[in-house]
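Below: the structure, in structure tokens.
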Amino acid sequence: MKFVKKYAIILILCYVFVFFGGWMLFDFTKRFWVATAACAFVITVVVSIFSAQEDRIEQLEKRVQALEEAK
């Protein structure tokens with residue numbers, strides 16, 4: 001469910017970006033909504049990957065700290 005929430009937030013941000021002039025940077029002449037949704041999907045995948053890595057790093061830090069305390 002986290003992915004869907006991130007996708008919705010980024011999709012809204014992409015629409016706001018395009019609404020306020022971002023459309024001038026890209027050529028969205030034919031399928032404006034599909035292109036924006038595709039861009040939001042790619043951004044969401046990247047953000048989700050980094051978020052998952054952050055969670056794993058925090059878990060590893062806790063494990064290392066627990067091992068150091070055990071010694």
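Here, A, B, ... name the chains of the structure tokens in the order displayed, residue numbers run from 1 inside each chain, and ligands are numbered from 1 in the same displayed order.
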
Skipping near chain neighbours, those fewer than 3 positions away, what residues fall within 10 Å of A:Cys14 using only C-alpha atoms, listed as JSON, numbers by chain?
{"A": [8, 9, 10, 11, 17, 18, 19, 20, 22, 36, 37, 39, 40, 43]}

Please report, as an NGL selection string, each residue of chain A to which DSSP assigns helix (DSSP H, G or I) when run on this structure's backbone.
:A and (2-19 or 22-24 or 32-70)

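Straight-line separation from atom CA of A:Phe41 to atom CA of A:Tyr15: 12.4 Å.
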
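Nearest to A:Tyr7 of all the residues A:Val42, A:Gly21, A:Asp55, A:Phe32 is A:Val42, based on only C-alpha atoms.
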
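Between atom CA of A:Val16 and atom CA of A:Gln53 there is a distance of 28.1 Å.
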
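Atom CA of A:Lys5 sits 15.4 Å away from atom CA of A:Phe50.
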